[in-house]
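Trainee: Structure supplied as work09.tsv; contents: TSV, C-alpha atoms.
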chain	number	residue	atom	x	y	z
A	1	MET	CA	100.10	189.26	13.66
A	2	ASP	CA	99.42	188.02	17.23
A	3	ARG	CA	99.57	184.33	16.47
A	4	LYS	CA	102.76	182.61	15.43
A	5	PRO	CA	103.42	183.16	11.71
A	6	SER	CA	103.61	179.91	9.77
A	7	VAL	CA	106.11	178.95	7.07
A	8	LEU	CA	106.02	175.85	4.88
A	9	VAL	CA	109.50	174.64	3.87
A	10	VAL	CA	109.44	172.66	0.62
A	11	GLY	CA	112.23	170.87	-1.22
A	12	THR	CA	114.41	169.52	1.58
A	13	ASN	CA	115.18	165.96	2.55
A	14	TRP	CA	115.96	164.21	5.80
A	15	PRO	CA	118.52	164.33	7.20
A	16	MET	CA	118.87	167.96	6.18
A	17	GLU	CA	122.04	169.89	5.51
A	18	THR	CA	123.40	171.04	8.87
A	19	PHE	CA	123.30	174.75	7.95
A	20	LEU	CA	119.62	174.52	7.00
A	21	GLU	CA	118.71	172.52	10.08
A	22	ARG	CA	120.30	175.14	12.33
A	23	LEU	CA	118.56	177.99	10.52
A	24	LEU	CA	115.11	176.40	10.78
A	25	TYR	CA	115.66	175.50	14.42
A	26	GLY	CA	116.71	179.09	15.13
A	27	LEU	CA	113.57	180.46	13.46
A	28	ALA	CA	111.37	177.98	15.33
A	29	THR	CA	112.82	178.99	18.70
A	30	ARG	CA	112.12	182.64	17.85
A	31	GLY	CA	108.42	182.22	17.24
A	32	VAL	CA	108.06	181.06	13.62
A	33	LYS	CA	105.84	178.01	13.15
A	34	ILE	CA	107.78	175.83	10.71
A	35	THR	CA	106.24	172.95	8.72
A	36	LEU	CA	108.82	170.75	7.02
A	37	ALA	CA	107.55	168.96	3.90
A	38	THR	CA	109.66	165.86	3.28
A	39	SER	CA	109.27	162.24	2.30
A	40	PRO	CA	111.36	160.61	5.08
A	41	LYS	CA	110.01	161.46	8.50
A	42	PRO	CA	112.47	163.44	10.63
A	43	ASP	CA	113.64	161.95	13.88
A	44	MET	CA	110.86	162.17	16.49
A	45	ASN	CA	113.25	163.49	19.13
A	46	TRP	CA	114.36	166.24	16.77
A	47	LEU	CA	110.76	167.23	16.02
A	48	ALA	CA	109.92	167.31	19.74
A	49	GLU	CA	113.02	169.36	20.54
A	50	THR	CA	112.57	171.92	17.77
A	51	GLY	CA	108.79	172.19	17.74
A	52	ILE	CA	108.90	171.90	13.96
A	53	GLN	CA	105.94	170.12	12.38
A	54	TRP	CA	106.22	167.52	9.64
A	55	MET	CA	104.17	167.04	6.49
A	56	TYR	CA	104.52	163.91	4.40
A	57	VAL	CA	105.30	164.52	0.73
A	58	PRO	CA	105.67	161.33	-1.33
A	59	VAL	CA	108.45	160.64	-3.81
A	60	TRP	CA	107.34	159.20	-7.14
A	61	ARG	CA	109.00	155.85	-7.86
A	62	GLY	CA	106.58	154.54	-10.44
A	63	LEU	CA	102.99	153.37	-10.19
A	64	THR	CA	103.33	150.88	-7.34
A	65	LEU	CA	100.35	149.74	-5.29
A	66	GLY	CA	101.22	152.20	-2.53
A	67	ALA	CA	101.65	155.04	-5.00
A	68	PHE	CA	98.35	154.19	-6.71
A	69	THR	CA	96.52	154.18	-3.36
A	70	HIS	CA	98.06	157.51	-2.39
A	71	LEU	CA	97.30	158.97	-5.81
A	72	ILE	CA	93.61	157.98	-5.74
A	73	PHE	CA	93.03	159.07	-2.14
A	74	HIS	CA	94.62	162.51	-2.46
A	75	THR	CA	93.20	163.15	-5.92
A	76	LEU	CA	89.67	162.53	-4.59
A	77	ARG	CA	90.36	164.67	-1.50
A	78	CYS	CA	91.80	167.37	-3.72
A	79	TRP	CA	88.80	167.56	-6.09
A	80	LEU	CA	86.16	167.15	-3.37
A	81	PHE	CA	87.49	169.56	-0.75
A	82	ALA	CA	89.93	171.84	-2.60
A	83	ALA	CA	88.66	171.99	-6.17
A	84	ARG	CA	90.19	175.43	-6.75
A	85	ASP	CA	93.64	174.13	-5.83
A	86	ALA	CA	93.10	171.07	-8.01
A	87	ARG	CA	92.34	173.28	-11.01
A	88	ILE	CA	95.43	175.37	-10.28
A	89	PHE	CA	97.65	172.30	-10.05
A	90	TRP	CA	96.20	170.70	-13.16
A	91	GLY	CA	96.53	173.89	-15.18
A	92	GLY	CA	100.07	174.43	-13.98
A	93	LEU	CA	101.43	171.07	-15.09
A	94	PRO	CA	104.20	171.42	-17.71
A	95	ASP	CA	103.68	170.31	-21.30
A	96	VAL	CA	105.71	167.10	-21.00
A	97	ASP	CA	105.06	163.38	-21.30
A	98	TRP	CA	102.21	161.93	-19.24
A	99	LYS	CA	104.50	160.04	-16.84
A	100	THR	CA	106.30	163.23	-15.85
A	101	ARG	CA	103.00	165.10	-15.51
A	102	LEU	CA	101.64	162.30	-13.32
A	103	SER	CA	104.70	162.38	-11.06
A	104	ILE	CA	104.41	166.16	-10.60
A	105	TRP	CA	100.68	165.92	-9.88
A	106	TYR	CA	101.47	163.17	-7.37
A	107	SER	CA	103.84	165.49	-5.49
A	108	LEU	CA	101.48	168.48	-5.58
A	109	ILE	CA	98.17	167.06	-4.36
A	110	PRO	CA	99.13	166.71	-0.65
A	111	PHE	CA	99.32	170.55	-0.50
A	112	ALA	CA	95.75	171.06	-1.73
A	113	GLY	CA	93.47	172.87	0.70
A	114	ARG	CA	96.25	173.80	3.12
A	115	ARG	CA	97.50	177.30	3.88
A	116	TRP	CA	100.49	178.93	5.54
A	117	ASP	CA	101.61	182.54	5.87
A	118	ALA	CA	104.52	181.90	3.50
A	119	ILE	CA	106.22	179.16	1.49
A	120	TYR	CA	110.00	178.84	1.53
A	121	PHE	CA	112.07	177.00	-1.07
A	122	PRO	CA	115.70	176.53	0.08
A	123	TRP	CA	116.71	175.38	-3.43
A	124	ASN	CA	115.92	176.78	-6.88
A	125	SER	CA	115.29	173.31	-8.31
A	126	ALA	CA	112.53	172.72	-5.73
A	127	ALA	CA	110.85	176.02	-6.61
A	128	VAL	CA	110.88	175.07	-10.30
A	129	HIS	CA	109.44	171.61	-9.60
A	130	TYR	CA	106.68	173.00	-7.38
A	131	LEU	CA	105.93	176.03	-9.56
A	132	PRO	CA	102.10	175.57	-9.34
A	133	LEU	CA	102.31	176.27	-5.58
A	134	PHE	CA	103.09	179.89	-6.51
A	135	ASP	CA	99.45	180.19	-7.71
A	136	LEU	CA	97.88	179.31	-4.34
A	137	GLY	CA	98.04	182.92	-3.15
A	138	MET	CA	100.66	182.48	-0.43
A	139	PRO	CA	103.80	184.65	-0.62
A	140	VAL	CA	106.86	182.69	-1.71
A	141	VAL	CA	110.44	183.16	-0.56
A	142	LEU	CA	113.25	181.28	-2.27
A	143	SER	CA	117.00	180.96	-1.85
A	144	CYS	CA	119.69	181.19	-4.53
A	145	ARG	CA	122.83	179.38	-3.40
A	146	GLY	CA	125.29	178.18	-6.02
A	147	SER	CA	125.41	175.96	-9.09
A	148	GLN	CA	121.63	176.11	-9.64
A	149	ILE	CA	122.13	179.81	-10.40
A	150	ASN	CA	125.59	180.07	-11.94
A	151	ILE	CA	125.92	176.72	-13.76
A	152	ALA	CA	122.60	174.96	-14.41
A	153	PRO	CA	121.02	177.89	-16.35
A	154	HIS	CA	123.84	177.66	-18.92
A	155	ASN	CA	123.29	173.97	-19.60
A	156	GLU	CA	121.82	173.69	-23.09
A	157	ASN	CA	120.16	170.42	-22.09
A	158	ARG	CA	118.19	172.12	-19.28
A	159	CYS	CA	116.19	174.73	-21.18
A	160	SER	CA	113.04	173.88	-19.26
A	161	PHE	CA	114.89	174.48	-15.97
A	162	LEU	CA	116.04	177.92	-17.15
A	163	SER	CA	112.49	178.84	-18.14
A	164	GLY	CA	111.13	177.69	-14.79
A	165	LEU	CA	113.94	179.40	-12.89
A	166	LYS	CA	113.14	182.76	-14.49
A	167	LYS	CA	109.47	182.34	-13.60
A	168	THR	CA	110.26	181.63	-9.94
A	169	LEU	CA	112.61	184.62	-9.70
A	170	GLU	CA	109.91	186.82	-11.18
A	171	ARG	CA	107.07	185.54	-9.03
A	172	ALA	CA	108.70	185.17	-5.60
A	173	VAL	CA	107.98	188.06	-3.26
A	174	LEU	CA	111.51	187.92	-1.82
A	175	VAL	CA	114.64	186.17	-3.05
A	176	HIS	CA	117.48	185.34	-0.68
A	177	CYS	CA	120.99	185.24	-2.15
A	178	VAL	CA	123.92	183.80	-0.19
A	179	SER	CA	126.50	186.16	-1.69
A	180	GLY	CA	126.87	189.29	-3.78
A	181	ASP	CA	128.13	187.21	-6.66
A	182	ILE	CA	125.03	184.99	-6.61
A	183	LEU	CA	122.83	188.08	-6.39
A	184	GLN	CA	124.44	189.49	-9.55
A	185	GLN	CA	123.93	186.16	-11.32
A	186	ALA	CA	120.26	186.11	-10.29
A	187	VAL	CA	119.75	189.68	-11.50
A	188	SER	CA	121.24	188.71	-14.86
A	189	LEU	CA	118.52	186.03	-15.04
A	190	GLY	CA	115.75	188.55	-14.50
A	191	LEU	CA	115.55	189.01	-10.72
A	192	ASN	CA	114.36	192.47	-9.70
A	193	PRO	CA	117.10	193.64	-7.29
A	194	ASP	CA	114.50	195.53	-5.25
A	195	LYS	CA	113.13	192.24	-3.92
A	196	ALA	CA	116.51	190.61	-3.31
A	197	ALA	CA	118.02	190.11	0.14
A	198	MET	CA	121.63	189.07	0.58
A	199	ILE	CA	122.15	187.03	3.74
A	200	HIS	CA	125.47	185.24	4.01
A	201	PRO	CA	125.72	181.66	5.29
A	202	ALA	CA	126.57	181.39	8.96
A	203	VAL	CA	128.33	179.19	11.49
A	204	ASP	CA	127.42	178.13	15.00
A	205	THR	CA	130.55	179.52	16.64
A	206	ALA	CA	129.62	177.95	19.95
A	207	PHE	CA	130.01	174.57	18.23
A	208	PHE	CA	132.80	175.11	15.69
A	209	VAL	CA	135.74	176.36	17.73
A	210	PRO	CA	139.53	176.13	17.40
A	211	SER	CA	141.30	173.26	19.10
A	212	SER	CA	143.03	174.17	22.35
A	213	ALA	CA	145.67	171.45	22.06
A	214	ARG	CA	146.38	170.13	18.57
A	215	VAL	CA	149.18	167.57	18.51
A	216	GLU	CA	151.89	168.24	15.93
A	217	ASP	CA	153.07	164.96	14.38
A	218	GLY	CA	154.99	166.19	11.33
A	219	ILE	CA	152.19	165.32	8.90
A	220	PHE	CA	150.74	168.13	6.77
A	221	ARG	CA	147.01	167.52	7.09
A	222	VAL	CA	144.77	168.94	4.37
A	223	VAL	CA	141.00	168.54	4.77
A	224	MET	CA	138.09	168.83	2.33
A	225	VAL	CA	134.43	168.62	3.30
A	226	GLY	CA	131.55	168.44	0.83
A	227	SER	CA	129.35	166.30	-1.35
A	228	LEU	CA	131.21	164.09	-3.82
A	229	VAL	CA	129.84	165.75	-6.94
A	230	TRP	CA	131.65	166.99	-10.04
A	231	VAL	CA	131.06	170.66	-9.28
A	232	LYS	CA	133.37	170.36	-6.25
A	233	GLY	CA	136.34	169.84	-8.58
A	234	TYR	CA	138.00	167.13	-6.50
A	235	GLU	CA	140.14	165.94	-9.41
A	236	TYR	CA	141.99	169.28	-9.39
A	237	ALA	CA	142.57	168.99	-5.64
A	238	LEU	CA	143.89	165.45	-6.05
A	239	SER	CA	146.26	166.63	-8.76
A	240	ALA	CA	147.57	169.30	-6.35
A	241	ILE	CA	148.05	166.69	-3.61
A	242	HIS	CA	149.91	164.52	-6.13
A	243	GLN	CA	152.27	167.41	-6.83
A	244	LEU	CA	152.91	167.88	-3.10
A	245	ALA	CA	153.70	164.18	-2.75
A	246	GLU	CA	156.13	164.48	-5.68
A	247	MET	CA	157.88	167.27	-3.73
A	248	ASN	CA	158.24	164.92	-0.75
A	249	VAL	CA	155.76	166.81	1.42
A	250	PRO	CA	154.42	164.46	4.15
A	251	VAL	CA	150.85	165.29	3.17
A	252	LEU	CA	147.63	163.52	4.14
A	253	CYS	CA	144.42	164.72	2.49
A	254	THR	CA	141.16	163.78	4.21
A	255	ILE	CA	137.93	164.06	2.22
A	256	VAL	CA	134.68	164.01	4.19
A	257	GLY	CA	131.40	163.48	2.34
A	258	ASP	CA	129.61	161.12	0.02
A	259	GLY	CA	127.92	161.29	-3.35
A	260	PRO	CA	127.80	159.94	-6.89
A	261	GLU	CA	131.45	160.70	-7.67
A	262	GLN	CA	132.84	158.40	-4.97
A	263	SER	CA	133.81	155.53	-7.28
A	264	ARG	CA	135.43	157.84	-9.82
A	265	LEU	CA	137.43	159.54	-7.07
A	266	ARG	CA	138.66	156.20	-5.78
A	267	PHE	CA	139.90	155.30	-9.27
A	268	THR	CA	141.59	158.72	-9.57
A	269	ILE	CA	143.31	158.24	-6.22
A	270	GLU	CA	144.63	154.87	-7.36
A	271	ASP	CA	145.70	156.19	-10.77
A	272	LEU	CA	147.71	158.98	-9.12
A	273	GLY	CA	149.29	156.60	-6.61
A	274	LEU	CA	147.74	158.46	-3.69
A	275	SER	CA	146.23	155.57	-1.75
A	276	GLU	CA	148.58	156.35	1.17
A	277	LYS	CA	148.09	160.10	0.86
A	278	VAL	CA	144.31	160.49	0.53
A	279	GLN	CA	141.52	159.02	2.62
A	280	LEU	CA	137.82	159.10	1.72
A	281	LEU	CA	135.91	158.99	4.99
A	282	GLY	CA	132.37	159.21	3.66
A	283	LYS	CA	129.72	161.15	5.54
A	284	ARG	CA	130.40	162.05	9.16
A	285	SER	CA	128.40	163.60	11.99
A	286	PRO	CA	128.87	167.30	12.78
A	287	GLU	CA	130.81	166.32	15.89
A	288	GLN	CA	133.16	164.16	13.84
A	289	VAL	CA	133.59	166.88	11.21
A	290	ARG	CA	134.51	169.35	13.94
A	291	GLU	CA	137.12	166.98	15.35
A	292	ILE	CA	138.66	166.43	11.91
A	293	LEU	CA	138.81	170.17	11.27
A	294	GLN	CA	140.38	170.84	14.65
A	295	ASN	CA	143.13	168.33	13.88
A	296	SER	CA	143.96	169.59	10.38
A	297	ASP	CA	146.36	172.22	9.07
A	298	VAL	CA	144.60	173.62	5.99
A	299	PHE	CA	141.12	173.54	4.47
A	300	LEU	CA	141.09	173.08	0.69
A	301	LEU	CA	138.17	174.04	-1.58
A	302	SER	CA	138.59	173.21	-5.28
A	303	SER	CA	135.02	173.91	-6.40
A	304	LEU	CA	133.99	175.13	-9.82
A	305	SER	CA	130.93	176.81	-8.33
A	306	GLU	CA	129.89	177.96	-4.87
A	307	GLY	CA	127.66	180.52	-3.27
A	308	ILE	CA	129.77	180.71	-0.15
A	309	SER	CA	130.94	177.36	1.17
A	310	ASN	CA	129.50	176.56	4.60
A	311	ALA	CA	132.24	173.97	5.09
A	312	ALA	CA	134.91	176.63	4.50
A	313	LEU	CA	133.28	178.90	7.09
A	314	GLU	CA	133.20	176.04	9.60
A	315	ALA	CA	136.90	175.44	8.96
A	316	MET	CA	137.63	179.14	9.49
A	317	ALA	CA	135.70	179.03	12.77
A	318	CYS	CA	138.00	176.17	13.81
A	319	GLY	CA	141.05	178.30	13.09
A	320	LEU	CA	142.12	176.83	9.74
A	321	PRO	CA	143.52	178.82	6.83
A	322	VAL	CA	141.49	178.27	3.66
A	323	VAL	CA	142.88	177.65	0.18
A	324	THR	CA	139.97	178.19	-2.19
A	325	ALA	CA	139.33	178.32	-5.89
A	326	ASP	CA	138.12	181.73	-7.05
A	327	CYS	CA	134.48	180.70	-7.57
A	328	GLY	CA	131.14	182.27	-6.70
A	329	GLY	CA	131.23	184.39	-3.58
A	330	MET	CA	134.30	182.84	-1.96
A	331	ARG	CA	136.22	186.14	-2.10
A	332	GLU	CA	133.52	187.55	0.17
A	333	ALA	CA	134.67	185.09	2.84
A	334	VAL	CA	138.38	184.72	2.09
A	335	SER	CA	140.61	187.69	1.26
A	336	HIS	CA	143.78	186.59	-0.53
A	337	GLY	CA	146.65	186.58	1.94
A	338	VAL	CA	144.46	187.47	4.94
A	339	GLU	CA	142.33	184.44	5.90
A	340	GLY	CA	143.89	182.16	3.31
A	341	PHE	CA	144.64	182.16	-0.39
A	342	VAL	CA	142.46	182.35	-3.50
A	343	THR	CA	143.64	180.45	-6.58
A	344	PRO	CA	142.26	180.32	-10.12
A	345	VAL	CA	139.56	177.74	-10.83
A	346	ARG	CA	140.86	174.45	-12.31
A	347	ASP	CA	144.48	175.29	-11.45
A	348	PRO	CA	146.09	172.47	-9.42
A	349	GLN	CA	149.56	173.97	-9.93
A	350	ALA	CA	148.50	177.17	-8.16
A	351	MET	CA	146.88	175.14	-5.37
A	352	ALA	CA	150.01	173.04	-4.92
A	353	LYS	CA	152.22	176.15	-4.80
A	354	VAL	CA	150.11	177.77	-2.08
A	355	LEU	CA	149.84	174.54	-0.08
A	356	PHE	CA	153.61	174.03	-0.29
A	357	ASN	CA	154.12	177.54	1.08
A	358	LEU	CA	151.75	176.86	3.97
A	359	TRP	CA	153.47	173.56	4.75
A	360	GLN	CA	156.79	175.37	5.06
A	361	ARG	CA	155.40	178.16	7.23
A	362	PRO	CA	153.45	176.96	10.30
A	363	GLU	CA	153.40	180.48	11.74
A	364	LEU	CA	151.68	181.77	8.61
A	365	ARG	CA	149.07	179.02	9.00
A	366	ARG	CA	148.35	180.19	12.53
A	367	GLN	CA	148.19	183.82	11.45
A	368	LEU	CA	145.75	183.15	8.63
A	369	GLY	CA	143.70	180.77	10.79
A	370	ASP	CA	143.35	183.38	13.55
A	371	ALA	CA	142.25	185.98	11.01
A	372	GLY	CA	139.68	183.59	9.55
A	373	CYS	CA	138.28	182.77	12.97
A	374	GLN	CA	137.91	186.48	13.78
A	375	LYS	CA	136.18	187.14	10.46
A	376	VAL	CA	133.62	184.42	11.11
A	377	LEU	CA	132.97	185.80	14.60
A	378	LYS	CA	132.47	189.26	13.12
A	379	GLU	CA	130.54	188.56	9.90
A	380	PHE	CA	129.21	184.98	9.80
A	381	GLN	CA	127.59	184.37	13.18
A	382	LEU	CA	124.52	182.11	13.25
A	383	ASN	CA	122.56	184.36	15.60
A	384	GLY	CA	123.07	187.31	13.27
A	385	GLN	CA	121.91	185.28	10.28
A	386	ILE	CA	118.73	184.19	12.07
A	387	GLU	CA	117.94	187.79	13.02
A	388	GLN	CA	118.33	188.79	9.37
A	389	TRP	CA	115.96	186.01	8.34
A	390	LEU	CA	113.41	187.11	10.94
A	391	GLY	CA	113.58	190.61	9.48
A	392	LEU	CA	113.06	189.19	6.00
A	393	TYR	CA	109.99	187.22	7.06
A	394	LYS	CA	108.52	190.23	8.87
A	395	LEU	CA	108.58	192.04	5.53
A	396	VAL	CA	106.76	189.09	3.94
A	397	PHE	CA	104.15	188.86	6.68
A	398	ARG	CA	103.46	192.61	6.50
A	399	GLN	CA	102.68	192.19	2.80
A	400	LYS	CA	99.86	189.74	3.56
Please re-express this file's structure in structure tokens.
Mentor:
Amino acid sequence: MDRKPSVLVVGTNWPMETFLERLLYGLATRGVKITLATSPKPDMNWLAETGIQWMYVPVWRGLTLGAFTHLIFHTLRCWLFAARDARIFWGGLPDVDWKTRLSIWYSLIPFAGRRWDAIYFPWNSAAVHYLPLFDLGMPVVLSCRGSQINIAPHNENRCSFLSGLKKTLERAVLVHCVSGDILQQAVSLGLNPDKAAMIHPAVDTAFFVPSSARVEDGIFRVVMVGSLVWVKGYEYALSAIHQLAEMNVPVLCTIVGDGPEQSRLRFTIEDLGLSEKVQLLGKRSPEQVREILQNSDVFLLSSLSEGISNAALEAMACGLPVVTADCGGMREAVSHGVEGFVTPVRDPQAMAKVLFNLWQRPELRRQLGDAGCQKVLKEFQLNGQIEQWLGLYKLVFRQK
């Protein structure tokens, strides 16, 4: 294919997750023509710098005047100039109430009559929502990352999601899994392993680097980075920090991120008497996250589900030992006693015991942190990940 191959990316938002932004930018600089389908328009400077194109996809918020205008215009365009696509979309709507069907139709019609060499869904939920796009004849690649594979399918209240998930795994031409554990979970849901590709998350090791001069002030600094959602298990981490405080450890836990659990976490912090020991910083820029990591002693991950945590890899690149719950593919990144420690899920006592040991042994922290940094340099480099993705897309393009 002499011209630049084109890929439509569906199911992201703006601003994007840093790991996804870096991947797409890397693909764009290596000759892949990326179209990003989002509702908010990305920053113009970012679009100009990356060469990534933008396509507006509306978000349904009820039948407002603007939504009605958009609906009428694109429905007419769809039936007049892309009638085949319109029939595909209409026939692919789920058997649900009319409001839900209307909202899905509303999100589908901007894609009518448009073609790319491949469609990429970074999230399983997006692939399920946009299932009719699979019928347009373009090869589909999707990613399996974490809780949407190893938690959501087991929710009895989400039967329709499980049904849609199995259809997307069956119909995608290639399925990317972030870890061996996630790959096994996807296979158990019906994925043909012959069309699976395991590509680990990656870190920009030119950006996330160890600090050359961290000031020791006697405070044991524990850091957590991630969305404030229940699947991150923050309550177990806070219980472990509470136990450290009870043992008179001069601990300060910094939590970076925002999300729907923020209020509940604030109440938990107050209930445990940790207002002087825990700080919720909210969302921070990548530069600020790097600075916080470089000035911390340990990275703590208390999740109930992960593929492989990008935040943990960034911490390892900054030379931090990682204490992680034994979830998802985390053992593929952290070997117990080598780059950090792996504790049972939902076990704050085990977390506290390991953290106490690391507080007492600064030399062990340095040893584990150095090992983690070397592992990231060897196995989780961004350039290597992008090359793997290019190889994956070459397989897709050859199938066209």
Trainee: Work out how far apart atom CA of Gln148 of chain A and atom CA of Val322 of chain A are and give it in Å to one decimal.
Mentor: 24.0 Å
Trainee: Tell me, as JSON, numbers by chain, which residues lie within 9 Å of Met138 of chain A, counting all atoms listed in the file; anything in the same chain fewer than 6 positions away does not count.
Mentor: {"A": [115, 116, 117, 118, 119, 400]}
Trainee: Quick one: everything within 12 Å of His70 of chain A, counting all atoms listed in the file, minus sequence neighbours fewer than 2 positions away in the same chain. Send it as a list in words.
Mentor: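 Those residues are Tyr56, Val57, Pro58, Val59, Trp60, Leu63, Thr64, Leu65, Gly66, Ala67, Phe68, Ile72, Phe73, His74, Thr75, Leu76, Arg77, Cys78, Ser103, Trp105, Tyr106, Ser107, Leu108, Ile109 and Pro110 of chain A.
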Trainee: With segment 295-299 of chain A as the partner and 9 Å as the cut-off, tabulate the residues of segment 188-215 of chain A that qualify, each row holding the nearest pair of atoms and their distance in Å to one decimal, using all atoms listed in the file, sorted by chain and rising number, as CSV.
Mentor:
residue,atom,partner,partner_atom,distance
A:Ser211,CA,A:Asn295,CA,7.4
A:Arg214,CA,A:Asn295,CA,6.0
A:Val215,CA,A:Asn295,CA,7.7
Trainee: Need the shell around segment 275-290 of chain A: protein/DNA/RNA residues with any atom at most 8 Å away, counting only C-alpha atoms. Skip same-chain ones fewer than 5 positions apart. Format as a list of chain:residue names?
Mentor: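 Within the cut-off, the hits are A:Thr18, A:Phe208, A:Ile241, A:Ala245, A:Val251, A:Leu252, A:Cys253, A:Thr254, A:Ile255, A:Val256, A:Gly257, A:Asp258, A:Ile269, A:Glu270, A:Cys318.
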Trainee: Would you list the contacts of Val229 of chain A as number ranges by chain, taking every protein, DNA or RNA residue within 8 Å and counting only C-alpha atoms, but skipping same-chain residues closer than 3 positions in sequence?
Mentor: A: 232-233, 259-261
Trainee: Could you please give me, as a PyMOL selection string, the residues of protein, DNA or RNA lying at most 10 Å from (148.0, 178.5, 4.5) in the coordinate frame of the file, considering only C-alpha atoms?
Mentor: chain A and resi 297-300+320-323+337-341+354-369
Trainee: Please produce an output containing C-alpha atoms for each residue in the selection, written as a short mmCIF file (atom, residue, chain, number, x, y, z; two decimals), keeping the file's coordinate frame.
Mentor:
data_model
loop_
_atom_site.label_atom_id
_atom_site.label_comp_id
_atom_site.auth_asym_id
_atom_site.auth_seq_id
_atom_site.Cartn_x
_atom_site.Cartn_y
_atom_site.Cartn_z
CA ASP A 297 146.36 172.22 9.07
CA VAL A 298 144.60 173.62 5.99
CA PHE A 299 141.12 173.54 4.47
CA LEU A 300 141.09 173.08 0.69
CA LEU A 320 142.12 176.83 9.74
CA PRO A 321 143.52 178.82 6.83
CA VAL A 322 141.49 178.27 3.66
CA VAL A 323 142.88 177.65 0.18
CA GLY A 337 146.65 186.58 1.94
CA VAL A 338 144.46 187.47 4.94
CA GLU A 339 142.33 184.44 5.90
CA GLY A 340 143.89 182.16 3.31
CA PHE A 341 144.64 182.16 -0.39
CA VAL A 354 150.11 177.77 -2.08
CA LEU A 355 149.84 174.54 -0.08
CA PHE A 356 153.61 174.03 -0.29
CA ASN A 357 154.12 177.54 1.08
CA LEU A 358 151.75 176.86 3.97
CA TRP A 359 153.47 173.56 4.75
CA GLN A 360 156.79 175.37 5.06
CA ARG A 361 155.40 178.16 7.23
CA PRO A 362 153.45 176.96 10.30
CA GLU A 363 153.40 180.48 11.74
CA LEU A 364 151.68 181.77 8.61
CA ARG A 365 149.07 179.02 9.00
CA ARG A 366 148.35 180.19 12.53
CA GLN A 367 148.19 183.82 11.45
CA LEU A 368 145.75 183.15 8.63
CA GLY A 369 143.70 180.77 10.79
#
Trainee: From the list A:Val141, A:Trp46, A:Arg264, A:Asn124, which residue is nearest Val9 of chain A when using only C-alpha atoms?
Mentor: A:Val141
Trainee: Between atom CA of Val140 of chain A and atom CA of Arg171 of chain A, what is the distance, to one decimal in Å?
Mentor: 7.9 Å
Trainee: Find the smallest box with edges along x, y and z containing every listed atom of segment 28-41 of chain A, then add 6 Å on each side and report centre and edge lengths in Å to one decimal, as lines of an AutoDock Vina configuration file.
Mentor:
center_x = 109.3
center_y = 171.6
center_z = 10.5
size_x = 19.0
size_y = 34.0
size_z = 28.4
Trainee: Find the residues near Phe19 of chain A: any atom within 10 Å, counting only C-alpha atoms, skip ones fewer than 5 places away on the same chain, and give them as a list in words.
Mentor: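 Here the qualifying residues turn out to be Leu24, Pro201, Ala202, Val203, Asp204, Asn310, Ala311 and Leu382 of chain A.
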Trainee: Can I get the selected residues back with C-alpha atoms, as a short mmCIF file (atom, residue, chain, number, x, y, z; two decimals), in the coordinates of the input?
Mentor:
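Result written to out08.cif:
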data_model
loop_
_atom_site.label_atom_id
_atom_site.label_comp_id
_atom_site.auth_asym_id
_atom_site.auth_seq_id
_atom_site.Cartn_x
_atom_site.Cartn_y
_atom_site.Cartn_z
CA LEU A 24 115.11 176.40 10.78
CA PRO A 201 125.72 181.66 5.29
CA ALA A 202 126.57 181.39 8.96
CA VAL A 203 128.33 179.19 11.49
CA ASP A 204 127.42 178.13 15.00
CA ASN A 310 129.50 176.56 4.60
CA ALA A 311 132.24 173.97 5.09
CA LEU A 382 124.52 182.11 13.25
#
Trainee: Between A:Arg331, A:Leu142, A:Leu80, A:Arg101, which residue has the minimum interatomic distance to Gly113 of chain A, considering all atoms listed in the file?
Mentor: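 Closest to Gly113 of chain A, using all atoms listed in the file: A:Leu80.
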Trainee: Between A:Gly137, A:Gly164, A:Gly329, A:Gly319, which one has atoms that come closest to Gln294 of chain A, using only C-alpha atoms?
Mentor: A:Gly319
Trainee: Which value, in Å to one decimal, gives the distance between atom CA of Met198 of chain A and atom CA of Met316 of chain A?
Mentor: 20.8 Å
Trainee: Select, from A:Val128, A:Ala325, A:Met224, A:Ile104, the residue with the minimum atom-to-atom distance to Ser160 of chain A, counting all atoms listed in the file.
Mentor: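 For Ser160 of chain A, the nearest of the candidates is A:Val128.
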Trainee: Around the point (108.5, 186.3, 8.6) in the file's coordinates, collect all residues with an atom within 9 Å, using all atoms listed in the file, and return them as a tab-separated table (two decimals) with C-alpha atoms, in the frame of the given file.
Mentor:
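result34.tsv written:
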chain	number	residue	atom	x	y	z
A	5	PRO	CA	103.42	183.16	11.71
A	6	SER	CA	103.61	179.91	9.77
A	7	VAL	CA	106.11	178.95	7.07
A	32	VAL	CA	108.06	181.06	13.62
A	117	ASP	CA	101.61	182.54	5.87
A	118	ALA	CA	104.52	181.90	3.50
A	389	TRP	CA	115.96	186.01	8.34
A	390	LEU	CA	113.41	187.11	10.94
A	391	GLY	CA	113.58	190.61	9.48
A	392	LEU	CA	113.06	189.19	6.00
A	393	TYR	CA	109.99	187.22	7.06
A	394	LYS	CA	108.52	190.23	8.87
A	395	LEU	CA	108.58	192.04	5.53
A	396	VAL	CA	106.76	189.09	3.94
A	397	PHE	CA	104.15	188.86	6.68
A	398	ARG	CA	103.46	192.61	6.50
Trainee: Which of these residues is nearest to Gly307 of chain A, using all atoms listed in the file: A:Ile182, A:Leu244, A:Leu377, A:Ala197?
Mentor: A:Ile182
Trainee: Tell me which of A:Asp326, A:Glu235, A:Glu387, A:Asp43 sits closest to Trp14 of chain A, counting only C-alpha atoms.
Mentor: A:Asp43
